$ cat entry_3.tsv   # TSV, C-alpha atoms
chain	number	residue	atom	x	y	z
A	1	GLN	CA	0.00	0.00	0.00
A	2	VAL	CA	1.38	3.34	-1.06
A	3	GLN	CA	1.39	5.71	1.88
A	4	MET	CA	3.31	8.35	3.77
A	5	VAL	CA	3.17	8.64	7.55
A	6	GLU	CA	4.33	11.72	9.45
A	7	SER	CA	5.53	11.87	13.03
A	8	GLY	CA	7.31	14.24	15.38
A	9	GLY	CA	4.66	16.89	15.96
A	10	GLY	CA	3.89	18.26	19.38
A	11	VAL	CA	3.56	21.33	21.57
A	12	VAL	CA	6.69	23.46	21.85
A	13	GLN	CA	7.61	26.92	23.06
A	14	PRO	CA	8.55	29.78	20.74
A	15	GLY	CA	12.19	29.82	19.79
A	16	THR	CA	12.66	26.08	20.18
A	17	SER	CA	13.20	23.33	17.59
A	18	LEU	CA	11.34	20.30	16.34
A	19	ARG	CA	12.11	17.63	13.77
A	20	LEU	CA	9.37	16.07	11.71
A	21	SER	CA	9.73	12.76	9.91
A	22	CYS	CA	7.73	11.18	7.12
A	23	VAL	CA	8.18	7.49	6.33
A	24	ALA	CA	7.13	6.33	2.89
A	25	SER	CA	5.98	2.80	2.15
A	26	GLY	CA	4.87	1.07	-1.03
A	27	PHE	CA	7.24	3.15	-3.14
A	28	THR	CA	10.75	4.57	-2.94
A	29	LEU	CA	11.45	8.24	-2.47
A	30	SER	CA	13.91	8.14	-5.32
A	31	ASN	CA	12.92	9.96	-8.49
A	32	HIS	CA	10.21	11.98	-6.82
A	33	GLY	CA	9.88	15.54	-5.67
A	34	LEU	CA	9.16	15.56	-1.94
A	35	HIS	CA	7.33	18.34	-0.15
A	36	TRP	CA	6.17	19.63	3.18
A	37	VAL	CA	2.90	21.53	3.14
A	38	ARG	CA	1.22	22.99	6.22
A	39	GLN	CA	-2.25	24.09	7.18
A	40	ALA	CA	-2.91	26.43	10.07
A	41	PRO	CA	-6.07	25.76	12.13
A	42	GLY	CA	-9.05	26.81	10.04
A	43	GLY	CA	-6.75	27.99	7.26
A	44	GLY	CA	-5.70	27.01	3.78
A	45	LEU	CA	-2.77	25.06	2.46
A	46	GLU	CA	0.68	26.65	2.53
A	47	TRP	CA	3.63	25.12	0.74
A	48	VAL	CA	6.69	24.94	3.00
A	49	ALA	CA	9.57	23.22	1.25
A	50	LEU	CA	10.64	20.97	-1.61
A	51	THR	CA	13.55	18.63	-2.16
A	52	THR	CA	14.46	16.16	-4.82
A	53	SER	CA	15.33	12.72	-3.49
A	54	ASP	CA	19.05	13.34	-3.97
A	55	GLY	CA	18.92	16.78	-2.38
A	56	SER	CA	20.19	18.48	-5.50
A	57	TYR	CA	17.20	20.80	-5.81
A	58	ILE	CA	15.81	22.39	-2.65
A	59	HIS	CA	13.50	25.37	-2.23
A	60	TYR	CA	11.72	26.97	0.70
A	61	ALA	CA	8.82	29.31	1.21
A	62	ASP	CA	9.96	32.78	2.27
A	63	SER	CA	8.15	32.33	5.59
A	64	VAL	CA	10.48	29.50	6.67
A	65	LYS	CA	13.68	30.24	4.76
A	66	GLY	CA	16.70	30.21	7.06
A	67	ARG	CA	14.79	28.45	9.87
A	68	PHE	CA	13.62	25.16	8.34
A	69	THR	CA	15.69	22.47	6.62
A	70	ILE	CA	14.25	19.73	4.45
A	71	SER	CA	16.16	16.52	3.81
A	72	ALA	CA	15.59	13.03	2.51
A	73	ASP	CA	17.20	9.81	3.77
A	74	ILE	CA	16.78	7.43	0.86
A	75	SER	CA	18.24	4.50	2.77
A	76	LYS	CA	15.38	4.79	5.27
A	77	ASN	CA	12.83	6.00	2.74
A	78	THR	CA	12.21	8.92	5.04
A	79	LEU	CA	11.71	12.65	4.57
A	80	HIS	CA	12.58	15.08	7.35
A	81	LEU	CA	11.85	18.68	8.24
A	82	GLN	CA	14.10	20.30	10.82
A	83	MET	CA	12.33	23.33	12.24
A	84	ASN	CA	14.33	25.84	14.26
A	85	SER	CA	13.42	29.16	15.87
A	86	LEU	CA	9.77	28.23	15.87
A	87	ARG	CA	7.16	30.97	16.02
A	88	SER	CA	3.49	31.00	16.94
A	89	GLU	CA	2.64	31.44	13.27
A	90	ASP	CA	4.25	28.07	12.54
A	91	THR	CA	1.36	26.37	14.36
A	92	ALA	CA	-0.24	24.07	11.83
A	93	VAL	CA	-0.82	20.54	10.64
A	94	TYR	CA	2.25	19.57	8.63
A	95	TYR	CA	1.77	17.22	5.71
A	96	CYS	CA	4.42	15.48	3.66
A	97	ALA	CA	3.55	14.92	0.04
A	98	ARG	CA	5.02	13.17	-2.95
A	99	GLU	CA	5.24	14.92	-6.27
A	100	SER	CA	4.89	12.46	-9.08
A	101	GLU	CA	2.11	14.06	-11.06
A	102	SER	CA	1.68	17.10	-8.85
A	103	PHE	CA	0.98	16.31	-5.17
A	104	ASP	CA	-0.34	12.81	-5.69
A	105	ILE	CA	0.34	11.14	-2.33
A	106	TRP	CA	-0.21	12.84	1.04
A	107	GLY	CA	0.36	11.78	4.60
A	108	GLN	CA	-2.28	12.17	7.28
A	109	GLY	CA	-0.44	15.08	8.84
A	110	THR	CA	1.18	15.81	12.20
A	111	MET	CA	0.16	18.74	14.38
A	112	VAL	CA	2.71	21.29	15.53
A	113	THR	CA	1.65	23.80	18.15
A	114	VAL	CA	3.99	26.64	19.09
A	115	SER	CA	2.81	28.29	22.27
A	116	SER	CA	4.22	29.65	25.49
B	117	GLN	CA	4.66	35.15	-1.66
B	118	ALA	CA	1.22	36.01	-3.01
B	119	GLY	CA	-1.05	33.05	-3.54
B	120	LEU	CA	-3.43	32.16	-6.32
B	121	ALA	CA	-6.89	33.77	-6.24
B	122	GLN	CA	-9.92	31.57	-5.62
B	123	PRO	CA	-13.45	32.61	-4.62
B	124	PRO	CA	-13.94	31.77	-0.92
B	125	SER	CA	-17.23	29.96	-1.43
B	126	VAL	CA	-19.55	28.53	-4.07
B	127	SER	CA	-23.02	27.07	-3.50
B	128	LYS	CA	-24.88	24.91	-5.98
B	129	ASP	CA	-27.87	22.61	-5.96
B	130	LEU	CA	-27.65	18.85	-5.96
B	131	ARG	CA	-27.11	17.39	-9.46
B	132	GLN	CA	-26.17	20.80	-10.85
B	133	THR	CA	-22.77	21.83	-12.23
B	134	ALA	CA	-20.23	23.92	-10.35
B	135	THR	CA	-17.25	25.69	-11.90
B	136	LEU	CA	-14.46	26.81	-9.60
B	137	THR	CA	-11.82	29.26	-10.76
B	138	CYS	CA	-8.20	29.94	-9.89
B	139	THR	CA	-6.41	33.03	-11.16
B	140	GLY	CA	-2.66	33.44	-11.19
B	141	ASN	CA	-0.22	35.00	-13.60
B	142	SER	CA	2.07	34.09	-16.47
B	143	ASN	CA	4.72	32.77	-14.08
B	144	ASN	CA	2.49	30.14	-12.50
B	145	VAL	CA	-0.93	29.14	-13.84
B	146	GLY	CA	-0.25	30.64	-17.24
B	147	ASN	CA	3.09	28.87	-17.48
B	148	GLN	CA	2.78	25.27	-16.35
B	149	GLY	CA	-0.90	25.06	-15.54
B	150	ALA	CA	-2.55	24.21	-12.26
B	151	ALA	CA	-3.42	21.19	-10.19
B	152	TRP	CA	-6.65	20.81	-8.25
B	153	LEU	CA	-7.04	19.18	-4.87
B	154	GLN	CA	-10.09	18.30	-2.79
B	155	GLN	CA	-10.05	18.32	0.99
B	156	HIS	CA	-12.79	17.09	3.27
B	157	ARG	CA	-12.72	18.37	6.83
B	158	GLY	CA	-10.29	16.46	8.98
B	159	HIS	CA	-8.65	14.71	6.05
B	160	PRO	CA	-5.55	15.37	3.97
B	161	PRO	CA	-5.94	16.84	0.49
B	162	LYS	CA	-6.59	14.54	-2.45
B	163	LEU	CA	-5.30	15.20	-5.95
B	164	LEU	CA	-8.05	15.59	-8.55
B	165	SER	CA	-6.19	16.80	-11.60
B	166	TYR	CA	-2.77	18.02	-12.65
B	167	ARG	CA	-1.35	20.26	-15.35
B	168	ASN	CA	-4.79	21.60	-16.15
B	169	ASN	CA	-6.77	18.76	-17.63
B	170	ASN	CA	-5.16	15.47	-16.60
B	171	ARG	CA	-7.46	13.62	-14.23
B	172	ALA	CA	-5.67	11.86	-11.37
B	173	SER	CA	-5.96	8.11	-10.95
B	174	GLY	CA	-9.35	6.94	-9.71
B	175	ILE	CA	-11.03	10.33	-10.01
B	176	SER	CA	-14.58	10.44	-11.36
B	177	GLU	CA	-15.19	11.77	-14.85
B	178	ARG	CA	-17.56	14.26	-13.23
B	179	PHE	CA	-14.43	16.27	-12.42
B	180	SER	CA	-12.80	18.09	-15.32
B	181	ALA	CA	-10.20	20.82	-15.38
B	182	SER	CA	-9.15	23.37	-17.96
B	183	ARG	CA	-7.15	26.57	-18.37
B	184	SER	CA	-7.53	29.78	-20.28
B	185	GLY	CA	-4.58	32.12	-20.05
B	186	ASN	CA	-3.76	32.72	-16.40
B	187	THR	CA	-7.00	31.26	-15.09
B	188	ALA	CA	-7.58	27.58	-14.33
B	189	SER	CA	-11.03	26.10	-13.83
B	190	LEU	CA	-12.43	22.97	-12.22
B	191	THR	CA	-15.87	21.85	-13.33
B	192	ILE	CA	-17.83	19.37	-11.26
B	193	SER	CA	-20.93	18.01	-12.95
B	194	GLY	CA	-23.86	16.17	-11.41
B	195	LEU	CA	-23.07	17.46	-7.93
B	196	GLN	CA	-23.35	14.90	-5.14
B	197	PRO	CA	-23.44	15.42	-1.37
B	198	GLU	CA	-19.92	13.99	-1.07
B	199	ASP	CA	-18.60	16.74	-3.33
B	200	GLU	CA	-19.11	19.22	-0.50
B	201	ALA	CA	-15.52	20.04	0.46
B	202	ASP	CA	-12.75	22.60	0.16
B	203	TYR	CA	-11.05	22.82	-3.22
B	204	TYR	CA	-7.53	24.16	-3.72
B	205	CYS	CA	-5.58	24.97	-6.84
B	206	SER	CA	-1.82	24.78	-6.93
B	207	ALA	CA	0.87	25.81	-9.37
B	208	TRP	CA	4.64	26.12	-9.53
B	209	ASP	CA	5.80	29.71	-9.82
B	210	SER	CA	8.88	29.81	-12.00
B	211	SER	CA	9.85	33.35	-11.01
B	212	LEU	CA	9.62	32.71	-7.27
B	213	SER	CA	10.83	29.09	-7.41
B	214	ALA	CA	7.98	28.24	-5.11
B	215	TRP	CA	4.78	26.25	-5.14
B	216	MET	CA	1.68	28.40	-4.79
B	217	PHE	CA	-1.70	27.43	-3.40
B	218	GLY	CA	-4.95	29.25	-3.77
B	219	GLY	CA	-6.82	30.25	-0.65
B	220	GLY	CA	-9.36	27.51	-1.31
B	221	THR	CA	-13.02	27.47	-2.29
B	222	LYS	CA	-15.59	25.95	0.03
B	223	LEU	CA	-18.16	24.18	-2.12
B	224	THR	CA	-21.59	23.75	-0.59
B	225	VAL	CA	-24.05	21.36	-2.23
B	226	LEU	CA	-27.60	22.45	-1.42
$ encode --input "entry_3.tsv" --output "structure tokens"
Amino acid sequence: QVQMVESGGGVVQPGTSLRLSCVASGFTLSNHGLHWVRQAPGGGLEWVALTTSDGSYIHYADSVKGRFTISADISKNTLHLQMNSLRSEDTAVYYCARESESFDIWGQGTMVTVSS
Amino acid sequence: QAGLAQPPSVSKDLRQTATLTCTGNSNNVGNQGAAWLQQHRGHPPKLLSYRNNNRASGISERFSASRSGNTASLTISGLQPEDEADYYCSAWDSSLSAWMFGGGTKLTVL
């Protein structure tokens, strides 16, 4: 079964760090674009970051540039998002998504709450 | 990064046809086209179509997408209760090197 499963969300204080993981099964991360997309409570979708499986092509949304780092561990078929200097506005459900034909496979999401 | 423009809400009667729009510019929608996603409350998004008019695997023929210039459209025919959801368009912006999402349209089936 083709699926992606996120983990690592939680409640953290502003200024701290969190690392999200997304394990893929039923397919290999190789040869796919891999994304993190977030959705604030009651809000719309916001693209966060993109990497190719080999890390040769990486882009970030302006809102997270310099604070978040996306990476892929092909040996573990896992996508990561290292989030530093977290802010209240980073509170959202974070989804990982595969880009084969656009965003064709999504995880169920993991909730990140940044609050003092 | 400015997003793509979608009407916040659309309401249509059961079995009628709804057309949702998504307006961008020549660097995003007008360049490589748009994808459409459907999201029911509490669930992750689901891909409906990509690059304007390619229907994703397993998606009903009642869903069709098109593009004219910088505006993409999603047409849903024979509306069913299960079509009530939020619909998002998405496109790669070549000038910003960023993926853009529309603000989403909440479709209500009356």
$ atom_distance --input "entry_3.tsv" --atom1 "atom CA of B:Gly119" --atom2 "atom CA of A:Pro41"
18.0 Å
$ residues_around --input "entry_3.tsv" --residues "A:Gly15" --least-positions-apart "2" --cutoff "10 Å" --atoms "all atoms listed in the file" --output "MDAnalysis selection string"
chainID A and resid 12:13 17 83:88 114:116
$ residues_around --input "entry_3.tsv" --residues "B:Ile192" --least-positions-apart "5" --cutoff "6 Å" --atoms "only C-alpha atoms" --output "PDB file with C-alpha atoms, in the coordinates of the input"
ATOM      1  CA  THR B 133     -22.770  21.830 -12.230  1.00  0.00           C
ATOM      2  CA  ALA B 134     -20.230  23.920 -10.350  1.00  0.00           C
ATOM      3  CA  ARG B 178     -17.560  14.260 -13.230  1.00  0.00           C
ATOM      4  CA  PHE B 179     -14.430  16.270 -12.420  1.00  0.00           C
TER       5      PHE B 179
END
$ closest_residue --input "entry_3.tsv" --among "A:Gln39, A:Thr16, A:Ser75, A:Gln1" --to "chain B" --atoms "only C-alpha atoms"
A:Gln39
$ closest_residue --input "entry_3.tsv" --among "B:Ala121, B:Cys138, B:Ala207, B:Val145" --to "chain A" --atoms "all atoms listed in the file"
B:Ala207
$ closest_residue --input "entry_3.tsv" --among "B:Ser142, B:Thr187, B:Ser176, B:Ser182" --to "B:Asp199" --atoms "all atoms listed in the file"
B:Ser176
$ interface_residues --input "entry_3.tsv" --of "chain B" --to "chain A" --cutoff "6 Å" --atoms "all atoms listed in the file" --output "ChimeraX atom specification"
/B:160,163,166,219
$ residues_around --input "entry_3.tsv" --residues "stretch 18-20 of chain A" --least-positions-apart "5" --cutoff "6 Å" --atoms "all atoms listed in the file" --output "PyMOL selection string"
chain A and resi 7-8+80-83
$ atom_distance --input "entry_3.tsv" --atom1 "atom CA of A:Met111" --atom2 "atom CA of A:Val11"
8.4 Å
$ residues_around --input "entry_3.tsv" --residues "B:Gln132" --least-positions-apart "3" --cutoff "12 Å" --atoms "all atoms listed in the file" --output "PyMOL selection string"
chain B and resi 127-129+135+178+191-197+199+224-226
$ closest_residue --input "entry_3.tsv" --among "B:Gly158, B:Pro124, B:Ala151, B:Arg131" --to "B:Ser206" --atoms "all atoms listed in the file"
B:Ala151
$ atom_distance --input "entry_3.tsv" --atom1 "atom CA of B:Leu136" --atom2 "atom CA of A:Gln3"
28.8 Å
$ residues_around --input "entry_3.tsv" --residues "B:Leu153" --least-positions-apart "5" --cutoff "8 Å" --atoms "only C-alpha atoms" --output "list in words"
Pro161, Lys162, Leu163, Leu164, Ser165, Tyr203, Tyr204, Cys205 and Ser206 of chain B
$ write_last_selection --input "entry_3.tsv" --atoms "C-alpha atoms" --output "CSV table (one decimal), keeping the file's coordinate frame"
chain,number,residue,atom,x,y,z
B,161,PRO,CA,-5.9,16.8,0.5
B,162,LYS,CA,-6.6,14.5,-2.4
B,163,LEU,CA,-5.3,15.2,-6.0
B,164,LEU,CA,-8.0,15.6,-8.6
B,165,SER,CA,-6.2,16.8,-11.6
B,203,TYR,CA,-11.0,22.8,-3.2
B,204,TYR,CA,-7.5,24.2,-3.7
B,205,CYS,CA,-5.6,25.0,-6.8
B,206,SER,CA,-1.8,24.8,-6.9
$ axis_aligned_box --input "entry_3.tsv" --around "stretch 76-80 of chain A" --padding-each-side "5 Å" --output "JSON"
{"center_x": 13.5, "center_y": 9.9, "center_z": 5.0, "size_x": 13.7, "size_y": 20.3, "size_z": 14.6}
$ closest_residue --input "entry_3.tsv" --among "B:Gly140, B:Glu198, B:Thr221, B:Trp215" --to "A:Glu99" --atoms "only C-alpha atoms"
B:Trp215
$ decode --input "entry_3.tsv" --residues "stretch 181-194 of chain B" --atoms "all heavy atoms" --output "PDB file, in the first residue's frame"
ATOM      1  N   ALA B 181     -10.944  19.587 -15.578  1.00  0.00           N
ATOM      2  CA  ALA B 181     -10.199  20.823 -15.380  1.00  0.00           C
ATOM      3  C   ALA B 181      -9.775  21.395 -16.722  1.00  0.00           C
ATOM      4  O   ALA B 181      -9.627  20.660 -17.704  1.00  0.00           O
ATOM      5  CB  ALA B 181      -8.982  20.569 -14.500  1.00  0.00           C
ATOM      6  N   SER B 182      -9.577  22.701 -16.744  1.00  0.00           N
ATOM      7  CA  SER B 182      -9.155  23.374 -17.963  1.00  0.00           C
ATOM      8  C   SER B 182      -8.401  24.643 -17.588  1.00  0.00           C
ATOM      9  O   SER B 182      -8.311  25.009 -16.416  1.00  0.00           O
ATOM     10  CB  SER B 182     -10.354  23.714 -18.846  1.00  0.00           C
ATOM     11  OG  SER B 182     -11.227  24.595 -18.158  1.00  0.00           O
ATOM     12  N   ARG B 183      -7.860  25.303 -18.600  1.00  0.00           N
ATOM     13  CA  ARG B 183      -7.149  26.569 -18.368  1.00  0.00           C
ATOM     14  C   ARG B 183      -7.347  27.486 -19.549  1.00  0.00           C
ATOM     15  O   ARG B 183      -7.334  27.041 -20.710  1.00  0.00           O
ATOM     16  CB  ARG B 183      -5.663  26.322 -18.160  1.00  0.00           C
ATOM     17  CG  ARG B 183      -4.817  27.597 -18.043  1.00  0.00           C
ATOM     18  CD  ARG B 183      -3.369  27.264 -17.707  1.00  0.00           C
ATOM     19  NE  ARG B 183      -2.697  26.569 -18.786  1.00  0.00           N
ATOM     20  CZ  ARG B 183      -1.825  27.125 -19.611  1.00  0.00           C
ATOM     21  NH1 ARG B 183      -1.578  28.416 -19.529  1.00  0.00           N
ATOM     22  NH2 ARG B 183      -1.218  26.399 -20.538  1.00  0.00           N
ATOM     23  N   SER B 184      -7.493  28.752 -19.256  1.00  0.00           N
ATOM     24  CA  SER B 184      -7.526  29.780 -20.277  1.00  0.00           C
ATOM     25  C   SER B 184      -6.645  30.919 -19.802  1.00  0.00           C
ATOM     26  O   SER B 184      -6.963  31.611 -18.829  1.00  0.00           O
ATOM     27  CB  SER B 184      -8.954  30.284 -20.509  1.00  0.00           C
ATOM     28  OG  SER B 184      -8.969  31.335 -21.452  1.00  0.00           O
ATOM     29  N   GLY B 185      -5.523  31.086 -20.465  1.00  0.00           N
ATOM     30  CA  GLY B 185      -4.583  32.120 -20.046  1.00  0.00           C
ATOM     31  C   GLY B 185      -4.072  31.857 -18.644  1.00  0.00           C
ATOM     32  O   GLY B 185      -3.541  30.793 -18.352  1.00  0.00           O
ATOM     33  N   ASN B 186      -4.255  32.837 -17.767  1.00  0.00           N
ATOM     34  CA  ASN B 186      -3.763  32.722 -16.401  1.00  0.00           C
ATOM     35  C   ASN B 186      -4.820  32.224 -15.419  1.00  0.00           C
ATOM     36  O   ASN B 186      -4.604  32.288 -14.198  1.00  0.00           O
ATOM     37  CB  ASN B 186      -3.246  34.086 -15.923  1.00  0.00           C
ATOM     38  CG  ASN B 186      -2.070  34.578 -16.737  1.00  0.00           C
ATOM     39  OD1 ASN B 186      -1.304  33.781 -17.285  1.00  0.00           O
ATOM     40  ND2 ASN B 186      -1.911  35.892 -16.826  1.00  0.00           N
ATOM     41  N   THR B 187      -5.930  31.746 -15.944  1.00  0.00           N
ATOM     42  CA  THR B 187      -7.005  31.255 -15.087  1.00  0.00           C
ATOM     43  C   THR B 187      -7.280  29.778 -15.345  1.00  0.00           C
ATOM     44  O   THR B 187      -7.497  29.367 -16.482  1.00  0.00           O
ATOM     45  CB  THR B 187      -8.295  32.064 -15.307  1.00  0.00           C
ATOM     46  OG1 THR B 187      -8.065  33.424 -14.932  1.00  0.00           O
ATOM     47  CG2 THR B 187      -9.433  31.518 -14.447  1.00  0.00           C
ATOM     48  N   ALA B 188      -7.247  28.997 -14.268  1.00  0.00           N
ATOM     49  CA  ALA B 188      -7.583  27.582 -14.330  1.00  0.00           C
ATOM     50  C   ALA B 188      -8.988  27.386 -13.776  1.00  0.00           C
ATOM     51  O   ALA B 188      -9.432  28.156 -12.912  1.00  0.00           O
ATOM     52  CB  ALA B 188      -6.581  26.760 -13.522  1.00  0.00           C
ATOM     53  N   SER B 189      -9.659  26.375 -14.272  1.00  0.00           N
ATOM     54  CA  SER B 189     -11.027  26.105 -13.829  1.00  0.00           C
ATOM     55  C   SER B 189     -11.210  24.618 -13.534  1.00  0.00           C
ATOM     56  O   SER B 189     -10.617  23.770 -14.200  1.00  0.00           O
ATOM     57  CB  SER B 189     -12.041  26.522 -14.900  1.00  0.00           C
ATOM     58  OG  SER B 189     -11.960  27.907 -15.176  1.00  0.00           O
ATOM     59  N   LEU B 190     -12.033  24.340 -12.541  1.00  0.00           N
ATOM     60  CA  LEU B 190     -12.429  22.972 -12.217  1.00  0.00           C
ATOM     61  C   LEU B 190     -13.944  22.907 -12.312  1.00  0.00           C
ATOM     62  O   LEU B 190     -14.636  23.680 -11.644  1.00  0.00           O
ATOM     63  CB  LEU B 190     -11.992  22.593 -10.803  1.00  0.00           C
ATOM     64  CG  LEU B 190     -12.436  21.198 -10.329  1.00  0.00           C
ATOM     65  CD1 LEU B 190     -11.663  20.114 -11.076  1.00  0.00           C
ATOM     66  CD2 LEU B 190     -12.236  21.048  -8.815  1.00  0.00           C
ATOM     67  N   THR B 191     -14.439  22.017 -13.159  1.00  0.00           N
ATOM     68  CA  THR B 191     -15.875  21.853 -13.326  1.00  0.00           C
ATOM     69  C   THR B 191     -16.298  20.523 -12.737  1.00  0.00           C
ATOM     70  O   THR B 191     -15.699  19.487 -13.046  1.00  0.00           O
ATOM     71  CB  THR B 191     -16.271  21.926 -14.807  1.00  0.00           C
ATOM     72  OG1 THR B 191     -15.911  23.220 -15.325  1.00  0.00           O
ATOM     73  CG2 THR B 191     -17.764  21.713 -14.983  1.00  0.00           C
ATOM     74  N   ILE B 192     -17.304  20.578 -11.887  1.00  0.00           N
ATOM     75  CA  ILE B 192     -17.830  19.370 -11.257  1.00  0.00           C
ATOM     76  C   ILE B 192     -19.287  19.238 -11.694  1.00  0.00           C
ATOM     77  O   ILE B 192     -20.121  20.087 -11.383  1.00  0.00           O
ATOM     78  CB  ILE B 192     -17.754  19.447  -9.721  1.00  0.00           C
ATOM     79  CG1 ILE B 192     -16.361  19.888  -9.263  1.00  0.00           C
ATOM     80  CG2 ILE B 192     -18.104  18.095  -9.108  1.00  0.00           C
ATOM     81  CD1 ILE B 192     -16.272  20.228  -7.789  1.00  0.00           C
ATOM     82  N   SER B 193     -19.569  18.198 -12.432  1.00  0.00           N
ATOM     83  CA  SER B 193     -20.926  18.015 -12.948  1.00  0.00           C
ATOM     84  C   SER B 193     -21.700  17.017 -12.086  1.00  0.00           C
ATOM     85  O   SER B 193     -21.110  16.209 -11.362  1.00  0.00           O
ATOM     86  CB  SER B 193     -20.874  17.522 -14.392  1.00  0.00           C
ATOM     87  OG  SER B 193     -20.178  16.295 -14.463  1.00  0.00           O
ATOM     88  N   GLY B 194     -23.017  17.090 -12.165  1.00  0.00           N
ATOM     89  CA  GLY B 194     -23.856  16.165 -11.410  1.00  0.00           C
ATOM     90  C   GLY B 194     -23.519  16.159  -9.929  1.00  0.00           C
ATOM     91  O   GLY B 194     -23.276  15.109  -9.343  1.00  0.00           O
TER      92      GLY B 194
END
